[in-house]
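Structure below is upload_6.txt: compact mmCIF, C-alpha atoms (C1' of nucleotides).
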# COMPACT_ATOMS: atom_id res chain seq x y z
CA MET J 162 0.00 0.00 0.00
CA GLN J 163 2.77 2.41 0.94
CA ASP J 164 4.38 1.55 -2.37
CA ILE J 165 1.72 3.64 -4.09
CA LEU J 166 2.80 6.61 -2.02
CA PHE J 167 6.50 6.08 -2.68
CA ASP J 168 5.92 5.49 -6.37
CA PHE J 169 4.10 8.77 -6.48
CA ILE J 170 6.74 10.71 -4.57
CA SER J 171 9.54 9.23 -6.64
CA LYS J 172 8.11 10.95 -9.69
CA TYR J 173 9.17 14.24 -8.14
CA VAL J 174 11.97 13.67 -5.62
CA SER J 175 14.00 10.68 -4.44
CA LEU J 176 13.77 9.42 -0.88
CA THR J 177 16.27 7.47 1.22
CA GLU J 178 15.15 4.44 3.21
CA ASP J 179 15.50 6.51 6.37
CA GLU J 180 13.22 9.18 4.99
CA LYS J 181 10.70 6.57 3.98
CA ASN J 182 10.67 5.10 7.47
CA VAL J 183 10.20 8.44 9.16
CA LEU J 184 7.38 9.18 6.78
CA LEU J 185 5.65 5.92 7.62
CA SER J 186 6.14 6.49 11.34
CA LEU J 187 4.07 9.68 11.10
CA ASP J 188 1.03 7.46 10.72
CA LEU J 189 -0.82 9.56 8.20
CA PHE J 190 -2.87 6.76 6.72
CA ARG J 191 -6.58 6.66 7.25
CA SER J 192 -9.21 4.19 6.18
CA VAL J 193 -12.51 5.79 5.21
CA LYS J 194 -15.90 4.20 4.56
CA LYS J 195 -17.94 4.89 1.45
CA GLY J 196 -20.35 7.75 2.03
CA THR J 197 -18.26 9.51 4.66
CA THR J 198 -18.16 13.28 4.39
CA LEU J 199 -14.59 14.47 4.87
CA LEU J 200 -15.24 18.19 4.60
CA LYS J 201 -18.44 20.21 4.76
CA GLU J 202 -19.36 23.58 3.33
CA GLY J 203 -18.66 26.30 5.85
CA GLN J 204 -16.01 24.31 7.71
CA LYS J 205 -12.45 25.42 8.12
CA SER J 206 -9.88 22.71 7.72
CA GLN J 207 -6.14 22.30 7.33
CA ASP J 208 -6.31 18.80 5.92
CA PHE J 209 -5.21 17.78 2.51
CA TYR J 210 -5.74 14.35 1.00
CA PHE J 211 -3.80 11.91 -1.09
CA VAL J 212 -5.70 8.91 -2.40
CA LEU J 213 -3.88 5.61 -2.00
CA LYS J 214 -6.90 3.49 -2.82
CA GLY J 215 -10.51 4.32 -3.61
CA CYS J 216 -12.18 7.49 -4.77
CA ILE J 217 -13.23 10.79 -3.25
CA ARG J 218 -15.14 13.66 -4.80
CA LYS J 219 -15.56 17.38 -4.45
CA TYR J 220 -19.11 18.71 -4.67
CA TYR J 221 -21.11 21.85 -4.10
CA ILE J 222 -24.70 22.04 -2.94
CA ILE J 223 -26.41 24.69 -5.02
CA ASP J 224 -30.14 25.32 -4.66
CA GLY J 225 -30.40 22.08 -2.78
CA ASP J 226 -28.77 19.77 -5.26
CA GLU J 227 -25.30 18.40 -5.53
CA LYS J 228 -22.89 19.54 -8.22
CA THR J 229 -19.86 17.29 -8.41
CA THR J 230 -16.88 19.08 -9.94
CA ALA J 231 -14.02 16.65 -9.40
CA PHE J 232 -13.11 13.06 -8.65
CA TYR J 233 -9.82 11.96 -7.15
CA THR J 234 -8.65 8.38 -7.47
CA GLU J 235 -5.43 6.45 -6.85
CA MET J 236 -2.29 8.62 -6.97
CA GLU J 237 -4.18 11.89 -6.95
CA ALA J 238 -3.89 14.66 -4.39
CA LEU J 239 -6.46 17.20 -3.27
CA THR J 240 -5.67 20.36 -1.35
CA PRO J 241 -8.99 22.04 -0.59
CA HIS J 242 -9.17 25.71 -1.44
CA CYS J 243 -10.01 26.58 2.16
CA VAL J 244 -6.62 25.26 3.28
CA ILE J 245 -4.87 27.81 1.11
CA SER J 246 -7.24 30.72 1.54
CA LYS J 247 -7.94 30.02 5.24
CA THR J 248 -11.60 30.79 4.65
CA PRO J 249 -14.60 28.50 5.27
CA SER J 250 -14.99 25.88 2.58
CA GLU J 251 -17.39 26.51 -0.27
CA TYR J 252 -17.75 22.85 -1.01
CA PHE J 253 -17.98 19.33 0.35
CA ILE J 254 -15.58 16.45 0.03
CA GLY J 255 -17.07 13.00 0.22
CA CYS J 256 -15.95 9.45 -0.09
CA VAL J 257 -17.31 7.62 -3.13
CA GLU J 258 -15.87 4.19 -2.29
CA ASP J 259 -14.27 2.62 0.75
CA SER J 260 -10.86 4.27 0.53
CA ILE J 261 -7.44 4.48 2.04
CA LEU J 262 -6.21 8.03 2.23
CA LEU J 263 -3.15 9.85 3.39
CA VAL J 264 -4.41 12.80 5.39
CA SER J 265 -2.01 15.50 6.40
CA ASN J 266 -2.42 19.04 7.65
CA SER J 267 -0.46 22.27 7.80
CA ASP J 268 0.88 21.62 11.30
CA MET J 269 2.14 18.24 10.28
CA SER J 270 3.52 19.48 7.02
CA GLU J 271 5.74 21.88 8.95
CA GLU J 272 7.10 18.89 10.77
CA VAL J 273 7.45 17.00 7.52
CA ASN J 274 9.05 20.00 5.86
CA SER J 275 11.67 20.44 8.56
CA LYS J 276 12.67 16.81 8.18
CA PHE J 277 12.49 16.76 4.37
CA PRO J 278 13.29 20.02 2.63
CA LYS J 279 12.67 17.98 -0.50
CA PHE J 280 8.98 18.11 0.24
CA ASP J 281 8.86 21.74 -0.57
CA THR J 282 10.41 21.02 -3.94
CA MET J 283 7.89 18.30 -4.54
CA CYS J 284 4.95 20.52 -3.68
CA ARG J 285 6.16 23.17 -6.06
CA LEU J 286 6.63 20.73 -8.90
CA LEU J 287 3.29 19.18 -8.12
CA SER J 288 1.39 22.45 -8.14
CA GLU J 289 2.99 23.49 -11.41
CA GLU J 290 2.10 20.18 -12.97
CA LEU J 291 -1.43 20.34 -11.64
CA LEU J 292 -1.85 23.88 -12.92
CA ALA J 293 -0.83 22.79 -16.40
CA LYS J 294 -3.12 19.74 -16.33
CA GLN J 295 -5.97 21.77 -14.92
CA GLN J 296 -5.70 24.32 -17.71
CA ILE J 297 -5.75 21.70 -20.43
CA ASN J 298 -8.70 20.08 -18.72
CA PHE J 299 -10.59 23.32 -18.46
CA ASP J 300 -9.96 24.09 -22.11
CA GLU J 301 -11.15 20.65 -23.10
CA PHE J 302 -14.31 21.10 -21.08
CA LYS J 303 -15.05 24.51 -22.54
CA THR J 304 -14.50 23.46 -26.11
CA SER J 305 -16.69 20.38 -26.07
CA SER J 306 -20.34 19.43 -25.84
CA PRO J 307 -21.67 17.17 -23.06
CA GLU J 308 -21.65 14.27 -25.50
CA GLN J 309 -18.02 14.88 -26.47
CA ARG J 310 -17.12 15.24 -22.82
CA TYR J 311 -18.67 11.86 -22.08
CA LEU J 312 -16.80 10.26 -24.95
CA ASN J 313 -13.56 11.86 -23.77
CA LEU J 314 -14.15 10.50 -20.29
CA LEU J 315 -14.77 7.08 -21.79
CA GLN J 316 -11.34 7.38 -23.41
CA ASN J 317 -9.35 8.96 -20.62
CA ARG J 318 -10.87 7.68 -17.37
CA PRO J 319 -13.06 4.70 -18.28
CA ASP J 320 -12.81 3.43 -14.70
CA LEU J 321 -14.73 6.46 -13.42
CA ILE J 322 -17.79 5.54 -15.44
CA GLN J 323 -17.84 2.16 -13.76
CA ARG J 324 -17.10 3.13 -10.20
CA VAL J 325 -19.07 6.35 -9.80
CA PRO J 326 -22.89 6.73 -9.54
CA GLN J 327 -24.46 8.07 -12.73
CA HIS J 328 -25.99 11.15 -11.14
CA GLN J 329 -22.59 12.22 -9.84
CA LEU J 330 -21.06 11.62 -13.24
CA ALA J 331 -23.80 13.65 -14.86
CA SER J 332 -23.14 16.75 -12.82
CA TYR J 333 -19.43 16.23 -13.38
CA LEU J 334 -20.20 16.45 -17.10
CA GLY J 335 -22.31 19.54 -16.49
CA ILE J 336 -25.73 17.96 -17.17
CA LYS J 337 -28.65 16.28 -15.38
CA PRO J 338 -28.83 12.51 -14.78
CA GLN J 339 -31.75 12.19 -17.20
CA SER J 340 -29.71 13.87 -19.92
CA LEU J 341 -26.83 11.49 -19.31
CA SER J 342 -29.15 8.49 -19.67
CA ARG J 343 -30.54 9.89 -22.91
CA LEU J 344 -27.09 10.77 -24.20
CA ARG J 345 -25.85 7.24 -23.58
CA ALA J 346 -28.87 5.77 -25.34
CA ARG J 347 -28.19 8.11 -28.26
CA ILE J 348 -24.57 6.95 -28.51
CA LEU J 349 -25.56 3.28 -28.41
CA GLU J 350 -28.05 3.92 -31.19
CA LYS J 351 -25.43 5.59 -33.36
CA LYS J 352 -23.04 2.67 -32.96
CA SER J 353 -25.55 0.12 -34.19
CA MET O 57 4.30 51.64 -17.12
CA GLN O 58 6.98 49.74 -15.24
CA ASP O 59 5.06 50.59 -12.10
CA ILE O 60 2.48 48.03 -13.10
CA LEU O 61 5.18 45.40 -13.18
CA PHE O 62 6.65 46.41 -9.84
CA ASP O 63 3.23 46.63 -8.22
CA PHE O 64 2.58 43.12 -9.39
CA ILE O 65 5.90 41.74 -8.19
CA SER O 66 5.58 43.47 -4.82
CA LYS O 67 2.53 41.35 -4.11
CA TYR O 68 4.85 38.35 -3.90
CA VAL O 69 8.41 39.51 -3.11
CA SER O 70 10.09 42.83 -2.36
CA LEU O 71 12.67 44.30 -4.71
CA THR O 72 15.52 46.74 -4.03
CA GLU O 73 16.06 49.70 -6.35
CA ASP O 74 19.13 47.94 -7.70
CA GLU O 75 17.13 44.89 -8.56
CA LYS O 76 14.49 47.01 -10.24
CA ASN O 77 17.11 48.70 -12.39
CA VAL O 78 18.71 45.46 -13.47
CA LEU O 79 15.28 44.14 -14.34
CA LEU O 80 14.52 47.17 -16.48
CA SER O 81 17.91 46.93 -18.19
CA LEU O 82 17.02 43.46 -19.47
CA ASP O 83 14.69 45.17 -21.94
CA LEU O 84 11.89 42.65 -21.80
CA PHE O 85 9.12 45.04 -22.81
CA ARG O 86 7.46 44.64 -26.14
CA SER O 87 4.77 46.64 -27.86
CA VAL O 88 2.34 44.51 -29.86
CA LYS O 89 -0.31 45.55 -32.38
CA LYS O 90 -3.89 44.34 -32.17
CA GLY O 91 -4.40 41.24 -34.27
CA THR O 92 -0.83 40.00 -33.93
CA THR O 93 -0.47 36.26 -33.40
CA LEU O 94 2.08 35.62 -30.68
CA LEU O 95 2.02 31.84 -30.78
CA LYS O 96 0.62 29.41 -33.33
CA GLU O 97 -0.62 25.85 -32.99
CA GLY O 98 2.21 23.42 -33.67
CA GLN O 99 4.94 25.92 -32.74
CA LYS O 100 7.44 25.33 -29.99
CA SER O 101 8.21 28.34 -27.86
CA GLN O 102 9.95 29.25 -24.65
CA ASP O 103 8.23 32.60 -24.23
CA PHE O 104 5.90 33.52 -21.45
CA TYR O 105 3.92 36.73 -21.27
CA PHE O 106 2.97 39.28 -18.68
CA VAL O 107 0.42 41.89 -19.71
CA LEU O 108 1.32 45.44 -18.69
CA LYS O 109 -1.35 47.03 -20.83
CA GLY O 110 -3.91 45.64 -23.24
CA CYS O 111 -5.36 42.19 -23.69
CA ILE O 112 -4.26 38.89 -25.17
CA ARG O 113 -6.20 35.69 -25.62
CA LYS O 114 -5.64 31.97 -25.89
CA TYR O 115 -7.63 30.14 -28.54
CA TYR O 116 -7.87 26.81 -30.28
CA ILE O 117 -8.92 26.20 -33.84
CA ILE O 118 -11.24 23.20 -33.85
CA ASP O 119 -12.95 22.09 -37.05
CA GLY O 120 -12.02 25.39 -38.60
CA ASP O 121 -13.43 27.72 -36.00
CA GLU O 122 -11.88 29.55 -33.11
CA LYS O 123 -12.56 28.55 -29.52
CA THR O 124 -11.32 31.18 -27.10
CA THR O 125 -10.62 29.72 -23.67
CA ALA O 126 -8.90 32.57 -21.82
CA PHE O 127 -8.26 36.30 -21.80
CA TYR O 128 -5.34 37.94 -20.07
CA THR O 129 -5.43 41.63 -19.21
CA GLU O 130 -3.39 44.04 -17.08
CA MET O 131 -1.43 42.31 -14.31
CA GLU O 132 -2.02 38.82 -15.60
CA ALA O 133 0.60 36.31 -16.63
CA LEU O 134 0.44 33.53 -19.19
CA THR O 135 2.87 30.66 -19.41
CA PRO O 136 1.85 28.57 -22.41
CA HIS O 137 1.54 24.87 -21.78
CA CYS O 138 4.12 24.15 -24.49
CA VAL O 139 6.77 25.99 -22.47
CA ILE O 140 6.33 23.56 -19.59
CA SER O 141 5.73 20.39 -21.56
CA LYS O 142 8.26 21.24 -24.31
CA THR O 143 5.83 19.93 -26.89
CA PRO O 144 4.34 21.78 -29.87
CA SER O 145 1.57 24.14 -28.83
CA GLU O 146 -2.03 22.98 -29.10
CA TYR O 147 -3.34 26.50 -29.24
CA PHE O 148 -2.83 30.04 -30.48
CA ILE O 149 -2.13 33.19 -28.55
CA GLY O 150 -3.31 36.40 -30.12
CA CYS O 151 -3.39 40.05 -29.32
CA VAL O 152 -6.91 41.43 -28.81
CA GLU O 153 -5.88 45.09 -28.39
CA ASP O 154 -2.72 47.10 -28.97
CA SER O 155 -0.74 45.93 -25.94
CA ILE O 156 2.44 46.30 -24.00
CA LEU O 157 3.78 42.98 -22.84
CA LEU O 158 6.69 41.72 -20.88
CA VAL O 159 8.01 38.76 -22.84
CA SER O 160 10.57 36.49 -21.27
CA ASN O 161 11.85 33.03 -22.07
CA SER O 162 13.53 30.13 -20.31
CA ASP O 163 17.04 31.22 -21.31
CA MET O 164 16.44 34.66 -19.92
CA SER O 165 14.75 33.40 -16.82
CA GLU O 166 17.90 31.49 -15.97
CA GLU O 167 19.72 34.77 -16.15
CA VAL O 168 17.00 36.46 -14.12
CA ASN O 169 16.96 33.62 -11.63
CA SER O 170 20.69 33.77 -11.04
CA LYS O 171 20.44 37.46 -10.30
CA PHE O 172 17.24 37.23 -8.23
CA PRO O 173 16.73 34.01 -6.35
CA LYS O 174 13.56 35.70 -5.17
CA PHE O 175 12.08 35.07 -8.59
CA ASP O 176 11.87 31.42 -7.94
CA THR O 177 9.90 32.11 -4.80
CA MET O 178 7.61 34.40 -6.71
CA CYS O 179 6.94 31.84 -9.41
CA ARG O 180 6.07 29.24 -6.85
CA LEU O 181 3.67 31.50 -5.02
CA LEU O 182 2.20 32.60 -8.31
CA SER O 183 1.58 29.12 -9.60
CA GLU O 184 -0.03 28.07 -6.33
CA GLU O 185 -2.28 31.10 -6.39
CA LEU O 186 -3.16 30.53 -10.03
CA LEU O 187 -3.95 26.89 -9.38
CA ALA O 188 -6.37 27.85 -6.61
CA LYS O 189 -8.03 30.55 -8.75
CA GLN O 190 -8.20 28.26 -11.73
CA GLN O 191 -9.95 25.57 -9.71
CA ILE O 192 -12.56 27.95 -8.37
CA ASN O 193 -13.07 29.25 -11.88
CA PHE O 194 -13.47 25.80 -13.33
CA ASP O 195 -15.98 24.85 -10.66
CA GLU O 196 -17.94 28.02 -11.32
CA PHE O 197 -18.00 27.29 -15.02
CA LYS O 198 -19.15 23.71 -14.54
CA THR O 199 -21.89 24.57 -12.10
CA SER O 200 -23.52 27.33 -14.13
CA SER O 201 -25.51 27.77 -17.30
CA PRO O 202 -24.29 30.01 -20.14
CA GLU O 203 -26.65 32.73 -18.94
CA GLN O 204 -25.33 32.56 -15.38
CA ARG O 205 -21.80 32.58 -16.72
CA TYR O 206 -22.51 35.73 -18.67
CA LEU O 207 -24.03 37.39 -15.60
CA ASN O 208 -21.01 36.35 -13.53
CA LEU O 209 -18.70 37.84 -16.11
CA LEU O 210 -20.72 41.03 -16.01
CA GLN O 211 -20.09 41.12 -12.27
CA ASN O 212 -16.47 40.02 -12.13
CA ARG O 213 -14.86 41.31 -15.32
CA PRO O 214 -17.25 43.87 -16.82
CA ASP O 215 -14.36 45.42 -18.77
CA LEU O 216 -13.97 42.25 -20.84
CA ILE O 217 -17.48 42.57 -22.24
CA GLN O 218 -16.61 46.02 -23.52
CA ARG O 219 -13.16 45.44 -24.90
CA VAL O 220 -13.49 42.00 -26.45
CA PRO O 221 -15.35 41.09 -29.68
CA GLN O 222 -18.67 39.32 -29.01
CA HIS O 223 -17.82 36.19 -30.95
CA GLN O 224 -14.69 35.70 -28.86
CA LEU O 225 -16.69 36.26 -25.69
CA ALA O 226 -19.27 33.76 -26.85
CA SER O 227 -16.81 30.93 -27.26
CA TYR O 228 -15.24 31.91 -23.94
CA LEU O 229 -18.69 31.33 -22.41
CA GLY O 230 -18.96 28.03 -24.24
CA ILE O 231 -21.64 29.06 -26.75
CA LYS O 232 -22.07 30.43 -30.30
CA PRO O 233 -22.15 34.16 -31.06
CA GLN O 234 -25.82 33.93 -32.08
CA SER O 235 -26.68 32.37 -28.75
CA LEU O 236 -24.89 35.16 -26.92
CA SER O 237 -26.89 37.78 -28.83
CA ARG O 238 -30.11 35.99 -28.00
CA LEU O 239 -29.11 35.52 -24.39
CA ARG O 240 -28.39 39.22 -23.99
CA ALA O 241 -31.71 40.13 -25.55
CA ARG O 242 -33.40 37.71 -23.15
CA ILE O 243 -31.73 39.33 -20.14
CA LEU O 244 -32.70 42.83 -21.28
CA GLU O 245 -36.29 41.69 -21.66
CA LYS O 246 -36.36 40.24 -18.15
CA LYS O 247 -35.05 43.48 -16.65
CA SER O 248 -37.79 45.58 -18.20
C1' DT P 28 -14.20 57.90 -50.76
C1' DG P 29 -16.00 53.81 -51.86
C1' DT P 30 -15.56 48.79 -51.52
C1' DA P 31 -14.68 44.69 -49.06
C1' DT P 32 -14.62 42.44 -44.80
C1' DT P 33 -15.68 41.64 -40.29
C1' DT P 34 -18.88 41.87 -36.61
C1' DC P 35 -23.27 41.77 -34.59
C1' DT P 36 -28.05 40.91 -34.68
C1' DT P 37 -32.40 38.74 -36.03
C1' DA P 38 -35.25 35.01 -37.66
C1' DA P 39 -36.88 30.23 -38.69
C1' DC P 40 -35.93 25.73 -37.90
C1' DT P 41 -33.42 21.68 -35.67
C1' DT P 42 -31.36 19.42 -31.93
C1' DA P 43 -30.21 18.68 -27.32
C1' DA P 44 -30.63 19.67 -22.52
C1' DG P 45 -33.92 20.93 -18.46
C1' DT P 46 -38.13 19.61 -15.96
C1' DG P 47 -41.59 16.86 -13.76
C1' DA P 48 -43.48 12.55 -13.28
C1' DA P 49 -43.63 7.62 -13.25
C1' DC P 50 -41.66 3.00 -12.99
C1' DG P 51 -38.82 -0.91 -11.76
C1' DA P 52 -34.52 -2.66 -9.60
C1' DG P 53 -31.60 -2.60 -6.00
C1' DT P 54 -30.33 -1.16 -1.24
C1' DT P 55 -31.05 0.03 3.58
C1' DA P 56 -33.35 0.13 7.67
C1' DT P 57 -36.52 -1.50 10.89
C1' DA L 213 -39.97 -9.58 5.44
C1' DT L 214 -41.58 -5.36 4.42
C1' DA L 215 -41.48 -0.62 3.99
C1' DA L 216 -38.80 3.39 2.68
C1' DC L 217 -35.08 5.13 -0.18
C1' DT L 218 -31.98 5.60 -3.68
C1' DC L 219 -30.79 5.06 -8.31
C1' DG L 220 -31.14 4.70 -13.11
C1' DT L 221 -34.13 4.90 -16.99
C1' DT L 222 -37.98 6.38 -19.85
C1' DC L 223 -41.59 9.60 -21.45
C1' DA L 224 -43.87 13.93 -22.61
C1' DC L 225 -43.25 18.57 -22.61
C1' DT L 226 -40.56 23.04 -22.18
C1' DT L 227 -36.65 25.79 -22.81
C1' DA L 228 -32.35 27.01 -24.57
C1' DA L 229 -28.55 26.35 -27.63
C1' DG L 230 -26.90 24.91 -32.55
C1' DT L 231 -27.47 25.82 -37.48
C1' DT L 232 -28.28 28.18 -41.60
C1' DA L 233 -29.24 32.24 -43.77
C1' DA L 234 -29.86 37.10 -44.35
C1' DG L 235 -29.20 41.80 -43.48
C1' DA L 236 -27.49 46.01 -40.93
C1' DA L 237 -23.61 48.36 -38.81
C1' DA L 238 -18.98 49.06 -38.03
C1' DT L 239 -14.15 48.57 -39.53
C1' DA L 240 -10.40 48.04 -42.48
C1' DC L 241 -8.16 49.21 -46.59
C1' DA L 242 -6.99 50.39 -51.06

Structure re-expressed in structure tokens:
Amino acid sequence: MQDILFDFISKYVSLTEDEKNVLLSLDLFRSVKKGTTLLKEGQKSQDFYFVLKGCIRKYYIIDGDEKTTAFYTEMEALTPHCVISKTPSEYFIGCVEDSILLVSNSDMSEEVNSKFPKFDTMCRLLSEELLAKQQINFDEFKTSSPEQRYLNLLQNRPDLIQRVPQHQLASYLGIKPQSLSRLRARILEKKS
Amino acid sequence: MQDILFDFISKYVSLTEDEKNVLLSLDLFRSVKKGTTLLKEGQKSQDFYFVLKGCIRKYYIIDGDEKTTAFYTEMEALTPHCVISKTPSEYFIGCVEDSILLVSNSDMSEEVNSKFPKFDTMCRLLSEELLAKQQINFDEFKTSSPEQRYLNLLQNRPDLIQRVPQHQLASYLGIKPQSLSRLRARILEKKS
DNA sequence: TGTATTTCTTAACTTAAGTGAACGAGTTAT
DNA sequence: ATAACTCGTTCACTTAAGTTAAGAAATACA
């Protein structure tokens, strides 16, 4: 399980065995049941999450219904906006599947940082990479129709379509569940 | 004019007079005419841009028509994806108005970096801030209809609506120019 | 200045997404 | 085991965006 973490880190910086052991000794791992809410709107939190196994999602509640804007699966990290801005959260974070997460917070990351200056380097590289990815993603979303977005998802993250409830997927694609059903039926029809 | 640059930088790091002078001596400023294409699809480039005055935009050409995905105005910085990924660009960058830009490239930024280690700090802070902004932006886009997006724009960047051609605005909002016209007419009707 | 081009708007028609309701299948709770 | 929910799908209807075409207004330019 820890291998996933070390594989991830090794993409950015290299760790000695000692460093690995200290990291493990911090006991940052947390097992979370499907359906658990990790962060609520209005809460302040210092926690950030790294998914070792499972899936978590970010969602807003607007006019009473959920709008899912992101899913995070294995090897993906989520730093909630409220951690950076130190303001109450505008959104929720919930657990889509039984998951194993690494949960750390600012206090801890000072401790981690003092022991591993490399971590700072990693965070910088990570945020630059995420920014680039995010921009491409945003552009792709803007320039395509819901149907194209679904087909792209089918290409790029086919697992999501299997593991995530349809109504969450729908709002992730920017449409209603009924429209997603219809859209899928339409695609099947075209194929045949 | 340089004040804009120094105002911007001072949000992240402080500069001595000496540092300011060296920065100015590098002669990074460039005056660009409206309509100029700064970067084309397929090109490789090391340049990144900081807008001192005017407006530039990022756009794709998909099936023969332009899809504008971002505008950059005073005090905004744009590092094209191709600079980071070192791959040919997937999009164009064009000048919407006569503009004054700071244009730098990787070679130069090594020079700059050696003279001002602070620049590295600034870039890190900047990319973290941009990532946060970008995420909020993306969420806002996903969770709203074209009409809401237009109304948001009217609130948050009213200048854009004045200075940018409607058809570019339309694709920025994810719709066709005709739909934007209609949408505006609809809003006017509601008001009265 | 006059001509061409681009830009914006309007209109009629098509297509796709939103809405409200209903239904069955699967899950949860009691 | 049964009742209550949740979830996905389907249907009929409404609303908004896409498409095609045409014309007016503004801009560029020769």

With a distance threshold of 10 Å and counting only C-alpha atoms, extract the residues of chain O near chain J and express them as JSON, numbers by chain.
-> {"O": [114, 115, 116, 117, 118, 122, 123, 124, 125, 126, 135, 136, 137, 138, 140, 141, 146, 177, 179, 180, 181, 182, 183, 184, 185, 186, 187, 188, 189, 190, 191, 192, 193, 194, 195, 196, 197, 198, 199, 200, 201, 227, 228, 229, 230, 231]}

Would you export the selected residues with C-alpha atoms as a PDB file, keeping the file's coordinate frame, please?
ATOM      1  CA  LYS O 114      -5.640  31.970 -25.890  1.00  0.00           C
ATOM      2  CA  TYR O 115      -7.630  30.140 -28.540  1.00  0.00           C
ATOM      3  CA  TYR O 116      -7.870  26.810 -30.280  1.00  0.00           C
ATOM      4  CA  ILE O 117      -8.920  26.200 -33.840  1.00  0.00           C
ATOM      5  CA  ILE O 118     -11.240  23.200 -33.850  1.00  0.00           C
ATOM      6  CA  GLU O 122     -11.880  29.550 -33.110  1.00  0.00           C
ATOM      7  CA  LYS O 123     -12.560  28.550 -29.520  1.00  0.00           C
ATOM      8  CA  THR O 124     -11.320  31.180 -27.100  1.00  0.00           C
ATOM      9  CA  THR O 125     -10.620  29.720 -23.670  1.00  0.00           C
ATOM     10  CA  ALA O 126      -8.900  32.570 -21.820  1.00  0.00           C
ATOM     11  CA  THR O 135       2.870  30.660 -19.410  1.00  0.00           C
ATOM     12  CA  PRO O 136       1.850  28.570 -22.410  1.00  0.00           C
ATOM     13  CA  HIS O 137       1.540  24.870 -21.780  1.00  0.00           C
ATOM     14  CA  CYS O 138       4.120  24.150 -24.490  1.00  0.00           C
ATOM     15  CA  ILE O 140       6.330  23.560 -19.590  1.00  0.00           C
ATOM     16  CA  SER O 141       5.730  20.390 -21.560  1.00  0.00           C
ATOM     17  CA  GLU O 146      -2.030  22.980 -29.100  1.00  0.00           C
ATOM     18  CA  THR O 177       9.900  32.110  -4.800  1.00  0.00           C
ATOM     19  CA  CYS O 179       6.940  31.840  -9.410  1.00  0.00           C
ATOM     20  CA  ARG O 180       6.070  29.240  -6.850  1.00  0.00           C
ATOM     21  CA  LEU O 181       3.670  31.500  -5.020  1.00  0.00           C
ATOM     22  CA  LEU O 182       2.200  32.600  -8.310  1.00  0.00           C
ATOM     23  CA  SER O 183       1.580  29.120  -9.600  1.00  0.00           C
ATOM     24  CA  GLU O 184      -0.030  28.070  -6.330  1.00  0.00           C
ATOM     25  CA  GLU O 185      -2.280  31.100  -6.390  1.00  0.00           C
ATOM     26  CA  LEU O 186      -3.160  30.530 -10.030  1.00  0.00           C
ATOM     27  CA  LEU O 187      -3.950  26.890  -9.380  1.00  0.00           C
ATOM     28  CA  ALA O 188      -6.370  27.850  -6.610  1.00  0.00           C
ATOM     29  CA  LYS O 189      -8.030  30.550  -8.750  1.00  0.00           C
ATOM     30  CA  GLN O 190      -8.200  28.260 -11.730  1.00  0.00           C
ATOM     31  CA  GLN O 191      -9.950  25.570  -9.710  1.00  0.00           C
ATOM     32  CA  ILE O 192     -12.560  27.950  -8.370  1.00  0.00           C
ATOM     33  CA  ASN O 193     -13.070  29.250 -11.880  1.00  0.00           C
ATOM     34  CA  PHE O 194     -13.470  25.800 -13.330  1.00  0.00           C
ATOM     35  CA  ASP O 195     -15.980  24.850 -10.660  1.00  0.00           C
ATOM     36  CA  GLU O 196     -17.940  28.020 -11.320  1.00  0.00           C
ATOM     37  CA  PHE O 197     -18.000  27.290 -15.020  1.00  0.00           C
ATOM     38  CA  LYS O 198     -19.150  23.710 -14.540  1.00  0.00           C
ATOM     39  CA  THR O 199     -21.890  24.570 -12.100  1.00  0.00           C
ATOM     40  CA  SER O 200     -23.520  27.330 -14.130  1.00  0.00           C
ATOM     41  CA  SER O 201     -25.510  27.770 -17.300  1.00  0.00           C
ATOM     42  CA  SER O 227     -16.810  30.930 -27.260  1.00  0.00           C
ATOM     43  CA  TYR O 228     -15.240  31.910 -23.940  1.00  0.00           C
ATOM     44  CA  LEU O 229     -18.690  31.330 -22.410  1.00  0.00           C
ATOM     45  CA  GLY O 230     -18.960  28.030 -24.240  1.00  0.00           C
ATOM     46  CA  ILE O 231     -21.640  29.060 -26.750  1.00  0.00           C
TER      47      ILE O 231
END

Quick one: pull the distance between atom CA of Glu130 of chain O and atom CA of Tyr206 of chain O, Å, one decimal.
->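 Between atom CA of Glu130 of chain O and atom CA of Tyr206 of chain O the gap works out to 20.9 Å.
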
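Using only C-alpha atoms (C1' of nucleotides), the contacts of DA215 of chain L at a cut-off of 12 Å, with sequence neighbours closer than 3 positions omitted, comprise DT55, DA56 and DT57 of chain P.
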
Residue among L:DT226, L:DT239, L:DT218, L:DT232 lying closest to chain J, counting only C-alpha atoms (C1' of nucleotides) =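 The answer is L:DT218, which sits nearest to chain J.
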
Residue hits in chain L, query chain O, radius 12 Å, only C-alpha atoms (C1' of nucleotides), as a CSV table (one decimal) with C-alpha atoms (C1' of nucleotides), in the frame of the given file:
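Full text of out.csv as output:
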chain,number,residue,atom,x,y,z
L,228,DA,C1',-32.4,27.0,-24.6
L,229,DA,C1',-28.6,26.4,-27.6
L,230,DG,C1',-26.9,24.9,-32.6
L,231,DT,C1',-27.5,25.8,-37.5
L,232,DT,C1',-28.3,28.2,-41.6

With only C-alpha atoms (C1' of nucleotides) counted and 12 Å as the cut-off, give the residues of chain P in contact with chain J, each with its shortest interatomic distance in Å and the pair that gives it, as a tab-separated table.
residue	atom	partner	partner_atom	distance
P:DA43	C1'	J:Ser340	CA	8.8
P:DA44	C1'	J:Ser340	CA	6.4
P:DG45	C1'	J:Lys337	CA	7.7
P:DT46	C1'	J:Gln339	CA	9.9
P:DG47	C1'	J:Gln339	CA	11.4
